[in-house]
Structure formats: structure tokens, C-alpha cells
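> Sharing input09.cif below, mmCIF, C-alpha atoms and all ligand atoms:
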data_final
loop_
_atom_site.label_atom_id
_atom_site.label_comp_id
_atom_site.auth_asym_id
_atom_site.auth_seq_id
_atom_site.Cartn_x
_atom_site.Cartn_y
_atom_site.Cartn_z
CA MET W 1 25.62 32.09 -18.14
CA ARG W 2 27.54 28.83 -18.03
CA ILE W 3 26.11 25.50 -16.89
CA ALA W 4 28.33 22.48 -16.31
CA VAL W 5 27.57 18.78 -16.02
CA ALA W 6 29.99 16.87 -13.80
CA LYS W 7 31.06 13.28 -14.30
CA GLU W 8 29.82 11.32 -11.29
CA ILE W 9 32.59 9.77 -9.19
CA GLU W 10 30.36 7.78 -6.79
CA VAL W 11 31.06 4.15 -7.81
CA CYS W 12 27.39 3.05 -7.88
CA GLU W 13 26.23 6.14 -9.77
CA ARG W 14 25.56 5.54 -13.46
CA ARG W 15 23.22 8.49 -14.04
CA VAL W 16 24.15 11.84 -15.57
CA ALA W 17 22.49 15.17 -14.78
CA LEU W 18 21.74 16.23 -18.38
CA ILE W 19 21.17 14.19 -21.51
CA PRO W 20 21.99 15.52 -25.01
CA ASP W 21 18.33 16.37 -25.81
CA THR W 22 18.08 18.72 -22.85
CA VAL W 23 21.45 20.26 -23.74
CA THR W 24 20.04 21.17 -27.16
CA ARG W 25 17.16 23.02 -25.51
CA LEU W 26 19.40 24.92 -23.10
CA VAL W 27 21.80 25.94 -25.86
CA LYS W 28 18.83 27.22 -27.91
CA GLN W 29 17.96 29.44 -24.93
CA GLY W 30 21.39 31.04 -25.28
CA LEU W 31 23.07 29.24 -22.37
CA GLU W 32 26.58 27.83 -22.56
CA VAL W 33 26.79 24.16 -21.55
CA TRP W 34 29.97 22.39 -20.50
CA VAL W 35 30.01 18.62 -20.08
CA GLU W 36 32.88 16.77 -18.41
CA THR W 37 34.58 14.15 -20.60
CA GLY W 38 32.81 10.80 -20.20
CA ALA W 39 30.01 12.25 -18.02
CA GLY W 40 27.33 10.35 -19.94
CA GLU W 41 29.35 7.22 -20.63
CA ARG W 42 27.75 5.02 -17.97
CA SER W 43 24.28 6.01 -19.15
CA PHE W 44 25.18 5.38 -22.79
CA PHE W 45 25.38 9.03 -23.90
CA GLY W 46 28.72 9.68 -25.62
CA ASP W 47 30.78 12.88 -25.63
CA SER W 48 30.08 13.20 -29.38
CA ASP W 49 26.30 13.16 -28.67
CA TYR W 50 26.72 16.07 -26.26
CA GLU W 51 28.96 17.91 -28.72
CA ALA W 52 26.38 17.46 -31.47
CA ALA W 53 23.80 18.90 -29.07
CA GLY W 54 25.90 22.06 -28.69
CA ALA W 55 27.88 21.35 -25.51
CA THR W 56 31.61 21.88 -25.03
CA ILE W 57 33.40 18.81 -23.68
CA ILE W 58 35.85 19.67 -20.90
CA SER W 59 38.46 17.18 -19.74
CA ASP W 60 39.93 19.35 -16.96
CA THR W 61 37.72 18.64 -13.91
CA ALA W 62 39.05 21.58 -11.89
CA LYS W 63 38.32 23.98 -14.77
CA LEU W 64 34.81 22.58 -15.26
CA TRP W 65 33.89 22.92 -11.58
CA GLY W 66 35.75 26.16 -10.98
CA GLU W 67 34.55 28.19 -13.96
CA THR W 68 30.85 27.46 -13.96
CA ASP W 69 27.88 29.45 -12.69
CA ILE W 70 25.60 26.43 -12.20
CA LEU W 71 26.99 22.95 -11.60
CA LEU W 72 24.62 20.02 -12.18
CA LYS W 73 25.10 16.65 -10.52
CA VAL W 74 23.11 13.59 -9.50
CA SER W 75 24.85 12.17 -6.39
CA PRO W 76 25.91 14.43 -3.52
CA PRO W 77 29.48 15.80 -3.78
CA GLN W 78 32.11 13.27 -2.75
CA GLU W 79 35.68 13.17 -1.62
CA ARG W 80 37.95 12.81 -4.65
CA GLU W 81 40.84 10.39 -5.10
CA ASP W 82 43.27 13.23 -4.26
CA GLY W 83 41.56 13.60 -0.86
CA ARG W 84 39.91 16.95 -1.70
CA SER W 85 36.17 17.36 -1.64
CA GLU W 86 34.45 18.10 -4.94
CA ILE W 87 32.90 21.08 -3.13
CA ASP W 88 36.32 22.76 -2.88
CA LEU W 89 36.50 22.84 -6.67
CA LEU W 90 33.46 25.14 -6.96
CA LYS W 91 34.02 28.87 -7.13
CA GLU W 92 32.53 30.83 -4.24
CA GLY W 93 28.98 31.93 -4.96
CA ALA W 94 28.34 29.24 -7.59
CA VAL W 95 25.02 27.37 -7.71
CA LEU W 96 24.87 23.61 -7.24
CA LEU W 97 21.81 21.50 -8.18
CA SER W 98 22.00 17.89 -7.05
CA PHE W 99 20.67 15.28 -4.69
CA LEU W 100 22.44 16.34 -1.49
CA ASN W 101 20.86 14.15 1.21
CA PRO W 102 20.94 17.17 3.54
CA LEU W 103 18.94 15.51 6.34
CA GLY W 104 20.88 12.22 6.21
CA ASN W 105 24.31 13.80 5.75
CA PRO W 106 24.10 17.44 6.93
CA VAL W 107 27.92 17.75 7.00
CA VAL W 108 27.82 18.24 3.22
CA ALA W 109 25.45 21.19 3.73
CA GLN W 110 27.90 22.69 6.22
CA GLN W 111 30.77 22.31 3.73
CA LEU W 112 28.65 23.96 1.03
CA ALA W 113 27.76 26.84 3.35
CA ASN W 114 31.42 27.30 4.28
CA ARG W 115 32.23 27.63 0.60
CA LYS W 116 29.34 30.12 0.12
CA ILE W 117 27.64 27.88 -2.44
CA THR W 118 23.97 28.37 -3.28
CA ALA W 119 22.98 24.71 -3.11
CA LEU W 120 19.55 23.44 -4.13
CA SER W 121 18.75 19.95 -2.99
CA MET W 122 16.58 17.85 -5.29
CA GLU W 123 15.23 16.01 -2.22
CA MET W 124 13.82 19.27 -0.84
CA ILE W 125 11.63 20.20 -3.82
CA PRO W 126 8.11 20.52 -2.37
CA ARG W 127 5.65 17.84 -3.51
CA THR W 128 3.22 20.39 -4.96
CA THR W 129 1.43 20.47 -8.30
CA ARG W 130 3.54 23.42 -9.51
CA ALA W 131 6.76 21.58 -8.65
CA GLN W 132 5.77 18.30 -10.30
CA SER W 133 8.12 18.65 -13.28
CA MET W 134 11.03 19.19 -10.84
CA ASP W 135 10.13 16.34 -8.52
CA ALA W 136 13.20 14.10 -8.83
CA LEU W 137 12.23 12.03 -5.79
CA SER W 138 9.11 10.95 -7.67
CA SER W 139 10.74 10.39 -11.06
CA GLN W 140 13.44 8.21 -9.49
CA ALA W 141 11.16 6.41 -7.00
CA SER W 142 8.95 5.30 -9.85
CA LEU W 143 11.94 3.64 -11.58
CA ALA W 144 12.85 1.93 -8.30
CA GLY W 145 9.32 0.59 -7.80
CA TYR W 146 9.28 -0.87 -11.30
CA LYS W 147 12.72 -2.44 -11.02
CA ALA W 148 12.01 -3.89 -7.56
CA VAL W 149 9.22 -6.01 -9.03
CA LEU W 150 11.41 -7.24 -11.89
CA ILE W 151 14.12 -8.21 -9.39
CA ALA W 152 11.57 -10.03 -7.25
CA ALA W 153 10.10 -11.84 -10.26
CA ALA W 154 13.57 -12.96 -11.35
CA ALA W 155 14.44 -14.22 -7.85
CA LEU W 156 11.11 -15.99 -7.22
CA PRO W 157 11.22 -19.70 -8.05
CA LYS W 158 7.68 -19.40 -9.45
CA TYR W 159 5.66 -17.74 -12.22
CA PHE W 160 3.98 -14.40 -11.50
CA PRO W 161 0.87 -14.90 -13.72
CA MET W 162 -1.83 -17.53 -13.53
CA LEU W 163 -1.32 -20.05 -16.33
CA THR W 164 -3.58 -22.76 -17.59
CA THR W 165 -1.44 -25.30 -19.41
CA ALA W 166 -1.78 -28.88 -20.63
CA ALA W 167 0.44 -29.82 -17.70
CA GLY W 168 -1.86 -28.23 -15.17
CA THR W 169 -2.88 -24.88 -13.77
CA ILE W 170 -0.42 -22.52 -12.14
CA ALA W 171 -1.78 -20.22 -9.43
CA PRO W 172 -0.71 -16.56 -9.67
CA ALA W 173 1.98 -15.26 -7.32
CA LYS W 174 0.81 -13.24 -4.33
CA VAL W 175 2.62 -9.93 -3.99
CA PHE W 176 2.34 -7.66 -0.93
CA ILE W 177 3.52 -4.05 -1.30
CA MET W 178 4.21 -2.17 1.94
CA GLY W 179 4.14 1.60 1.48
CA ALA W 180 2.00 2.90 -1.39
CA GLY W 181 3.85 6.14 -2.21
CA VAL W 182 5.32 6.77 -5.65
CA ALA W 183 7.56 3.64 -5.64
CA GLY W 184 4.86 1.45 -4.12
CA LEU W 185 2.21 2.47 -6.65
CA GLN W 186 4.58 1.79 -9.55
CA ALA W 187 5.43 -1.58 -7.96
CA ILE W 188 1.73 -2.41 -7.73
CA ALA W 189 1.17 -1.49 -11.39
CA THR W 190 4.20 -3.52 -12.52
CA ALA W 191 3.29 -6.61 -10.48
CA ARG W 192 -0.28 -6.41 -11.83
CA ARG W 193 1.03 -6.19 -15.40
CA LEU W 194 3.00 -9.37 -14.75
CA GLY W 195 -0.22 -11.04 -13.63
CA ALA W 196 0.31 -11.31 -9.88
CA VAL W 197 -2.43 -10.94 -7.29
CA VAL W 198 -1.45 -7.79 -5.39
CA GLU W 199 -2.23 -6.43 -1.94
CA ALA W 200 -0.88 -3.19 -0.53
CA PHE W 201 -0.65 -1.48 2.81
CA ASP W 202 0.11 2.08 3.87
CA ILE W 203 -0.49 4.04 7.04
CA ARG W 204 -1.89 6.93 4.98
CA PRO W 205 -5.54 5.95 4.39
CA ALA W 206 -5.77 8.44 1.48
CA VAL W 207 -3.94 6.01 -0.82
CA LYS W 208 -6.68 3.38 -0.60
CA GLU W 209 -8.43 4.56 -3.78
CA GLU W 210 -5.19 4.79 -5.77
CA VAL W 211 -4.26 1.25 -4.73
CA GLN W 212 -7.68 -0.05 -5.70
CA SER W 213 -7.66 1.80 -9.03
CA LEU W 214 -4.50 -0.16 -9.94
CA GLY W 215 -6.32 -3.44 -9.34
CA ALA W 216 -4.82 -4.25 -5.94
CA LYS W 217 -6.51 -4.90 -2.62
CA PHE W 218 -5.87 -2.32 0.11
CA VAL W 219 -5.06 -3.79 3.51
CA GLU W 220 -6.61 -1.37 5.95
CA VAL W 221 -5.52 -0.77 9.53
CA LYS W 222 -7.60 1.77 11.44
CA LEU W 223 -5.29 3.82 13.69
CA ASP W 224 -6.40 6.29 16.35
CA GLU W 225 -3.74 8.86 15.45
CA GLU W 226 -2.96 11.23 12.58
CA THR W 227 -0.56 9.47 10.19
CA VAL W 228 0.00 12.29 7.71
CA ALA W 229 2.43 15.17 8.27
CA ALA W 230 2.88 18.43 6.35
CA GLY W 231 3.32 17.94 2.60
CA GLY W 232 1.34 14.69 2.63
CA TYR W 233 4.28 12.67 3.98
CA ALA W 234 3.82 9.86 6.49
CA LYS W 235 4.49 10.67 10.15
CA GLU W 236 6.35 8.40 12.51
CA ILE W 237 3.64 6.46 14.35
CA SER W 238 3.41 5.53 18.05
CA GLU W 239 4.58 2.18 19.45
CA ALA W 240 0.93 1.15 20.01
CA SER W 241 0.08 1.87 16.35
CA LYS W 242 3.19 0.00 15.20
CA GLN W 243 2.07 -3.02 17.24
CA ARG W 244 -1.42 -2.82 15.78
CA THR W 245 -0.22 -2.60 12.17
CA GLN W 246 2.23 -5.45 12.73
CA GLU W 247 -0.55 -7.72 13.93
CA VAL W 248 -2.57 -7.03 10.78
CA VAL W 249 0.24 -7.18 8.23
CA ALA W 250 1.86 -10.33 9.70
CA GLU W 251 -0.85 -12.52 8.23
CA HIS W 252 -0.49 -10.94 4.77
CA ILE W 253 3.29 -11.30 4.83
CA LYS W 254 2.99 -14.95 5.80
CA ASN W 255 0.69 -15.70 2.84
CA SER W 256 2.72 -13.76 0.23
CA ASP W 257 5.25 -15.09 -2.26
CA VAL W 258 6.79 -11.64 -2.65
CA VAL W 259 6.93 -8.71 -0.24
CA ILE W 260 8.17 -5.35 -1.52
CA THR W 261 8.76 -2.71 1.13
CA THR W 262 9.00 0.98 0.25
CA ALA W 263 8.06 2.72 3.52
CA GLN W 264 9.98 5.84 4.46
CA VAL W 265 9.59 8.78 6.79
CA PRO W 266 11.61 11.79 5.53
CA GLY W 267 14.73 12.55 7.55
CA ARG W 268 14.35 9.48 9.77
CA GLN W 269 15.44 5.88 9.72
CA ALA W 270 13.02 3.73 7.73
CA PRO W 271 10.27 2.20 9.89
CA ARG W 272 10.77 -1.47 10.76
CA LEU W 273 7.76 -3.23 9.23
CA VAL W 274 8.94 -6.82 8.79
CA THR W 275 10.36 -8.54 11.85
CA GLU W 276 12.49 -11.70 11.95
CA GLU W 277 9.44 -13.59 13.27
CA MET W 278 7.44 -12.51 10.23
CA VAL W 279 10.20 -13.65 7.85
CA ALA W 280 10.36 -16.99 9.70
CA GLN W 281 6.64 -17.48 8.96
CA MET W 282 7.11 -17.03 5.18
CA LYS W 283 7.25 -20.01 2.83
CA PRO W 284 10.74 -21.10 1.72
CA GLY W 285 11.45 -19.65 -1.72
CA SER W 286 9.59 -16.40 -0.96
CA VAL W 287 11.28 -13.12 -1.78
CA ILE W 288 11.50 -9.76 -0.01
CA VAL W 289 12.81 -6.69 -1.84
CA ASP W 290 13.53 -3.89 0.62
CA LEU W 291 13.62 -0.52 -1.13
CA ALA W 292 14.39 1.21 2.17
CA ALA W 293 17.67 -0.74 2.55
CA GLU W 294 19.75 2.43 2.34
CA GLN W 295 17.74 4.09 5.13
CA GLY W 296 18.19 1.16 7.53
CA GLY W 297 15.68 -1.19 5.93
CA ASN W 298 11.99 -1.96 6.50
CA CYS W 299 12.91 -5.60 7.14
CA ALA W 300 14.94 -6.67 10.18
CA CYS W 301 17.02 -9.11 8.09
CA THR W 302 17.97 -6.71 5.27
CA GLU W 303 21.64 -6.12 4.55
CA PRO W 304 22.04 -3.01 2.34
CA GLY W 305 23.51 -3.84 -1.05
CA LYS W 306 23.27 -7.60 -0.50
CA ASP W 307 21.03 -10.53 -1.42
CA ILE W 308 20.81 -12.93 1.51
CA VAL W 309 18.86 -16.11 2.17
CA TRP W 310 17.37 -16.29 5.64
CA ASN W 311 15.38 -19.38 6.63
CA GLY W 312 14.81 -20.14 2.93
CA VAL W 313 13.56 -16.60 2.19
CA THR W 314 15.59 -14.44 -0.20
CA ILE W 315 15.97 -10.88 1.12
CA ILE W 316 17.27 -8.31 -1.35
CA GLY W 317 18.43 -4.88 -0.18
CA PRO W 318 19.20 -2.96 -3.37
CA ILE W 319 21.05 0.33 -3.35
CA ASN W 320 20.40 3.11 -5.86
CA LEU W 321 18.03 1.13 -8.11
CA PRO W 322 17.28 4.10 -10.40
CA SER W 323 20.96 4.04 -11.36
CA SER W 324 20.46 0.52 -12.76
CA MET W 325 18.21 2.06 -15.45
CA PRO W 326 20.48 5.01 -16.24
CA ILE W 327 19.05 5.99 -19.63
CA HIS W 328 15.53 6.73 -18.44
CA ALA W 329 16.66 7.73 -14.96
CA SER W 330 18.94 10.38 -16.51
CA GLN W 331 16.30 11.49 -19.01
CA LEU W 332 13.77 12.11 -16.23
CA TYR W 333 16.31 13.64 -13.86
CA ALA W 334 17.53 15.97 -16.64
CA LYS W 335 13.95 17.21 -17.07
CA ASN W 336 13.67 17.73 -13.31
CA VAL W 337 16.88 19.77 -13.01
CA THR W 338 16.23 21.86 -16.11
CA SER W 339 12.74 22.72 -14.88
CA LEU W 340 14.24 23.84 -11.58
CA MET W 341 16.93 25.81 -13.42
CA GLN W 342 14.27 27.75 -15.31
CA LEU W 343 13.22 29.23 -11.95
CA LEU W 344 16.76 30.47 -11.34
CA ILE W 345 17.51 32.04 -14.70
CA LYS W 346 15.78 35.26 -15.77
CA ASP W 347 16.88 36.92 -19.04
CA LYS W 348 19.93 34.64 -19.19
CA ALA W 349 21.09 35.87 -15.76
CA LEU W 350 21.07 34.07 -12.43
CA GLN W 351 18.39 35.30 -10.02
CA VAL W 352 17.80 33.28 -6.88
CA ASP W 353 14.39 34.50 -5.77
CA PHE W 354 13.49 33.27 -2.29
CA SER W 355 9.94 34.60 -2.62
CA ASP W 356 9.39 31.61 -4.92
CA ASP W 357 8.21 28.79 -2.63
CA ILE W 358 10.04 26.10 -4.63
CA VAL W 359 13.39 27.93 -4.58
CA ASP W 360 12.89 28.76 -0.92
CA ALA W 361 12.19 25.12 0.04
CA ALA W 362 14.90 23.55 -2.12
CA CYS W 363 17.76 25.95 -1.33
CA VAL W 364 19.65 24.54 1.64
CA THR W 365 22.66 26.86 1.62
CA HIS W 366 23.18 30.44 0.44
CA ALA W 367 25.67 33.23 1.22
CA GLY W 368 27.48 31.16 3.83
CA GLU W 369 24.34 30.08 5.74
CA ILE W 370 22.42 26.83 6.08
CA ARG W 371 18.92 28.13 5.35
CA ASN W 372 16.90 25.09 6.34
CA GLN W 373 16.03 24.64 10.02
CA ARG W 374 15.68 20.84 9.74
CA VAL W 375 19.17 20.60 8.22
CA ARG W 376 20.55 22.83 11.01
CA ASP W 377 18.82 20.59 13.57
CA ALA W 378 20.25 17.47 11.88
CA LEU W 379 23.76 18.91 12.36
CA GLN W 380 23.36 19.10 16.17
P1 LIG O 1 7.97 8.07 0.80
O1 LIG O 1 9.03 7.55 -0.12
O2 LIG O 1 8.34 9.12 1.79
O3 LIG O 1 7.32 6.83 1.59
C1 LIG O 1 6.75 5.74 0.86
C2 LIG O 1 5.42 5.35 1.46
O4 LIG O 1 5.64 4.71 2.71
C3 LIG O 1 4.47 6.50 1.74
O5 LIG O 1 3.26 6.29 1.04
C4 LIG O 1 4.27 6.46 3.25
O6 LIG O 1 2.96 6.82 3.63
C5 LIG O 1 4.55 5.01 3.54
N1 LIG O 1 4.86 4.73 4.95
C6 LIG O 1 5.60 5.46 5.83
N2 LIG O 1 5.64 4.84 7.04
C7 LIG O 1 4.93 3.71 6.91
C8 LIG O 1 4.60 2.64 7.81
N3 LIG O 1 5.02 2.65 9.06
N4 LIG O 1 3.83 1.65 7.33
C9 LIG O 1 3.40 1.64 6.05
N5 LIG O 1 3.66 2.60 5.17
C10 LIG O 1 4.41 3.62 5.59
O7 LIG O 1 6.71 8.57 -0.02
P2 LIG O 1 6.65 9.28 -1.43
O8 LIG O 1 6.38 8.29 -2.46
O9 LIG O 1 7.85 10.15 -1.56
O10 LIG O 1 5.35 10.19 -1.25
C11 LIG O 1 5.27 11.07 -0.13
C12 LIG O 1 4.10 12.01 -0.26
O11 LIG O 1 4.27 12.93 -1.31
C13 LIG O 1 2.78 11.32 -0.55
O12 LIG O 1 1.74 12.02 0.11
C14 LIG O 1 2.60 11.50 -2.00
O13 LIG O 1 1.26 11.40 -2.43
C15 LIG O 1 3.11 12.91 -2.12
N6 LIG O 1 3.48 13.24 -3.48
C16 LIG O 1 2.86 14.32 -4.05
C17 LIG O 1 3.20 14.68 -5.33
C18 LIG O 1 2.55 15.87 -5.98
O14 LIG O 1 1.49 16.26 -5.62
N7 LIG O 1 3.22 16.48 -6.89
C19 LIG O 1 4.15 13.96 -6.04
C20 LIG O 1 4.76 12.88 -5.41
C21 LIG O 1 4.42 12.53 -4.12
#
Mind turning this structure into C-alpha cells?
Ligand code: NAD


Amino acid sequence: MRIAVAKEIEVCERRVALIPDTVTRLVKQGLEVWVETGAGERSFFGDSDYEAAGATIISDTAKLWGETDILLKVSPPQEREDGRSEIDLLKEGAVLLSFLNPLGNPVVAQQLANRKITALSMEMIPRTTRAQSMDALSSQASLAGYKAVLIAAAALPKYFPMLTTAAGTIAPAKVFIMGAGVAGLQAIATARRLGAVVEAFDIRPAVKEEVQSLGAKFVEVKLDEETVAAGGYAKEISEASKQRTQEVVAEHIKNSDVVITTAQVPGRQAPRLVTEEMVAQMKPGSVIVDLAAEQGGNCACTEPGKDIVWNGVTIIGPINLPSSMPIHASQLYAKNVTSLMQLLIKDKALQVDFSDDIVDAACVTHAGEIRNQRVRDALQ
């Protein structure tokens, strides 16, 4: 059984799907591991580190993709410089494990199905206790939440902590986190460690205790509708509920030095939580970091991939933040993909068992079919 690690060609992607430590473990299990030349370079893992771990370094991309049983990647397959899709390089029937963004870009799923690839999407791993070690959305969101606070602290023309100095007392920064999922909770913890006073808001009332246990205040908005969908995810809320939450959060946004938005609804555009009017009410020098920039942004003024100043407020719309911490991002991702791989390999042979709920949920294409109804719907 041969496993291959591709070099990422997406320009913003610095992560790699396996790190040398995980290669060592796979090789000990009797698996053959190929790593493309320079695959770990942008995350500071050299070819010689992989070789020492027992991998074979392959410089011929077509050979690496075309002669492997399981191909591991981080970013969804891309179009190459020669105009061909990376997907065309895979042999029919091969397995691909990667982020695939199948709901946002279902065309990739169609291409994978056409090529008869068994593709498992890291975004589709169920958020269950058994799947925790494979949950790449969580491992990467946590990095993003942490980094978002550091970016905000660096951009804020103020201290975060309260300081009592001979030259006077500095009040702590006020940080408001919108969306208290994995990224939001890590943002709360990080902002608290830096000494800020933190408030957080989420439409899922269940997160109140978690927010409070991290030392932040939970901003509560009582809504008359169910806000939680299957799997614990947030649901899209009605216009009336949106209006109601906006009225409550507007005051908190106005009084904050930093607003970090992390709200998402799977498969949909990010909900608009911060309007232009709200930004106009913020103090000059305040900072917004919008972690939903890639999904359309939680803030009306966000420009994905850019830092802009609007009415004196700095609005930062970072893209692929986990990739800015590639060492730990790759380490965690490597653990996620290898845990998933263990479900697919029995006695050193590939066995894709759809009676396993994790394999069933994560596998978007198999034997020429798109297996997931939501992905099929997204293609319409
Ligand atoms: P996410 O990235 O999909 O969204 C981030 C947060 O934004 C969520 O908390 C969501 O409730 C919130 N949100 C959505 N719309 C909003 C709005 N209009 N206003 C304010 N907030 C809004 O979330 P996530 O971090 O991926 O977590 C999703 C779910 O998965 C949660 O229930 C989480 O607890 C669960 N989860 C479970 C496990 C596990 O059990 N293994 C692991 C990770 C996450």
C-alpha cells in the first residue's frame, strides 16, 4: 500500500499533509510513503527530514500522483501551470484525502467522480466524539482563532492588558468575539491571556457556559426559534431574529476596541453580523478581524485578503490563517489525516467501509458517483 504526499501548488498554502514524525509511524506499520520534492519546504520540513523518517522523495509529480493508492493533500486540487487539473494525474480508483470544499466548489467533486476517485473531504468529517482525532476543521479553526487575536493586538493602537504604571493607569482593551465555535473559543482564551476584557456572542445558547468558563461575558439574545441544526451546527436564522440580534450586538460593537467575527453556517454564505452603520459607530483606531472573509465576510466592509481602514476603523479580512502557522497547522492536520487513514486500511490493504459512519459522511465521491446529497444539490 503506497501513500503519497503532494506538494501544494495553491499560492497561499504553506501547510503539508504529513510531517516527518507521522511518516515514521506509517512506515513502521509497513506502509510505503512517497513525498514530493519540496512538499514540506514552506512548513520548514526538509526532504532530508522525510527521508530520515523512511519516506521516498519523488521529484516527478506525474509519477507521484499516478502511482499512489492514497494521495494526501491539504488544499483542494487545483489547475496546474500546464492547464491540466491535478485530479487528472490520479489513477482511476485512487483515494484522495484533502480539504475539498465540496459545498462551496462542487465542480471539483464532479471532476473527482468523473475520474472515479474515492475522495474523502476533511470538511465532511462528522463532529462526533469518535471522529475528534480526525476533525481538521477544529484543529485548523483553533489556530485561526489564536492568530486572529494576535493580528488584532498588533493592529490596535493600544495595549490589551490593564497596566498600572508610574505614568498612569491603562484600561484593558475591550474585545468582542462574535461566534463562539472552535475559533471563537480559542480567540476568547487568547484575548484573555493577553489581559483584555472579553465578551462573546453566539446564536447557539449552549455555548454560554463554555464562554463563561474562559472568563468572558456571554452576550445573550433570546430568540423564539431553534438556532441549532443537525450535528450541533448553527442554522440560518430568520430576518426577524437577525434584526433582534443586531439591535443587541450593536451596542457591544460600538463599545469594543476589537471585534473578532467567526460566525459561519456550513455550506452557506457567512451571516452578515456587522453592518456599515455599526462600523461607523466604532471609535477610530478600533480593529475588526473577520475570520469569515473567505465565505463572504461577517462584516459589510470586509475585503477578503485585505486590510482596509474605513472611517478610522481597521478591518482585516485574512485568508487561510492556519497556513500562516504552518508547522503546528501541518502537525495537527497530519494527525487528522492519519487517523482517518487508519479507518481505510485493514491489514495493510485498502478497505473503504461505508458502514462506518465517519467514512460514509466524509466520502464525497466513489466509483464514479457523488455520494453526498448536499454536494449534488450544490451542483444544481
Ligand atoms: P462554525 O465555524 O460553523 O461557526 C462558528 C460559530 O458561529 C458557531 O458557534 C455558530 O453557532 C456561530 N454562528 C453562526 N451563525 C451565527 C450568527 N448569525 N450569529 C452569531 N453566531 C453565529 O462552528 P464550529 O466551530 O465549526 O462548530 C460547529 C459545531 O460543531 C458546534 O456545535 C461545535 O460545538 C461542534 N463541534 C463538535 C466537536 C466534537 O464534538 N467533536 C468538535 C468541534 C466542533

> Of the residues W:Asp135, W:Glu41, W:Asp257, W:Glu36, which is the one nearest to Phe160 in chain W, using only C-alpha atoms?

W:Asp257

> Enumerate as a ChimeraX atom specification the residues within 7 Å of ligand LIG 1 (chain O), counting only C-alpha atoms and all ligand atoms.

/W:127-129,131-132,135,137-138,141,178-184,201-204,231-237,242,262-266,271,273

> Restricting the calculation to only C-alpha atoms, which member of W:Val95, W:Val35, W:Leu26, W:Leu103 is positioned closest to Ala378 in chain W?

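Residue with the minimum atom-to-atom distance to Ala378 in chain W: W:Leu103.
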
> CA of Glu32 in chain W to CA of Ala55 in chain W: how many Å, to one decimal?

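Interatomic distance here is 7.2 Å.
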
> Counting all atoms listed in the file, which residues have an atom no more than 12 Å from (16.5, 24.6, 10.2) in the file's coordinates? Please list them as a count of residues only.

20

> Leu350 in chain W: which residues within 12 Å, counting all atoms listed in the file, same-chain residues fewer than 2 positions away excluded, as a list in words?

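So the residues in contact are Met1, Arg2, Ile3, Leu31, Thr68, Asp69, Ile70, Gly93, Ala94, Val95, Thr118, Met341, Gln342, Leu343, Leu344, Ile345, Lys346, Asp347, Lys348, Val352 and Asp353 of chain W.
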
> Go ahead and compute the interatomic distance for CA of Thr227 in chain W and CA of Gly267 in chain W, in Å to one decimal.

15.8 Å

> At a cut-off of 10 Å from (16.0, -18.3, 3.2) in the coordinates of the file, what residues are picked up using only C-alpha atoms, written as a PyMOL selection string?

chain W and resi 279-280+282-287+308-315

> For a quick check of understanding, using all atoms listed in the file, which of W:Asn298, W:Asn105, W:Gln110, W:Gln246 has the smallest distance to Arg272 in chain W?

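Nearest to Arg272 in chain W: W:Asn298.
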
> Calculate how many Å separate CA of Tyr159 in chain W from CA of Gly145 in chain W, rounding to one decimal.

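About the pair CA of Tyr159 in chain W and CA of Gly145 in chain W: they are 19.2 Å apart.
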
> Using all atoms listed in the file, which residue out of W:Gln78, W:Thr164, W:Thr275, W:Ser139 lies closest to Gln186 in chain W?

W:Ser139

> Skipping near chain neighbours, those fewer than 3 positions away, what residues fall within 9 Å of Asp60 in chain W using all atoms listed in the file, listed as a compact mmCIF listing (two decimals) with C-alpha atoms, keeping the file's coordinate frame?


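File selection_27.txt, as written:
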# COMPACT_ATOMS: atom_id res chain seq x y z
CA GLU W 36 32.88 16.77 -18.41
CA THR W 37 34.58 14.15 -20.60
CA LYS W 63 38.32 23.98 -14.77
CA LEU W 64 34.81 22.58 -15.26
CA TRP W 65 33.89 22.92 -11.58

> Find, counting all atoms listed in the file, the residue in W:Met162, W:Ile57, W:Ile19, W:Ala119 that gets nearest to Ala367 in chain W.

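Closest to Ala367 in chain W, using all atoms listed in the file: W:Ala119.
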
> Got a sec: who's within 10 Å of Lys7 in chain W, counting only C-alpha atoms, leaving out chain neighbours fewer than 3 positions off, as an MDAnalysis selection string?

chainID W and resid 4 10 13:17 35:42 59 61 72:74

> Go through W:Ile358, W:Leu321, W:Leu194, W:Ala200 one by one, measure the shortest atom-to-atom distance of each to Leu163 in chain W using all atoms listed in the file, and give the residue with the smallest value.

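Ranked by minimum distance to Leu163 in chain W, first place goes to W:Leu194.
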
> Residues at most 9 Å from Gln140 in chain W, counting only C-alpha atoms, excluding those fewer than 6 positions away in the same chain, as number ranges by chain?

W: 183, 321-323, 329, 332-333

> Env of Lys174 in chain W: 8 Å cut, atoms = only C-alpha atoms, seq-sep filter 3 positions within chain, self excluded. Answer as a list in words.

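Once the adjacent positions are removed, what remains is Phe160, Ala196, Val197, Val198, Glu199, Asn255, Ser256, Asp257 and Val258 of chain W.
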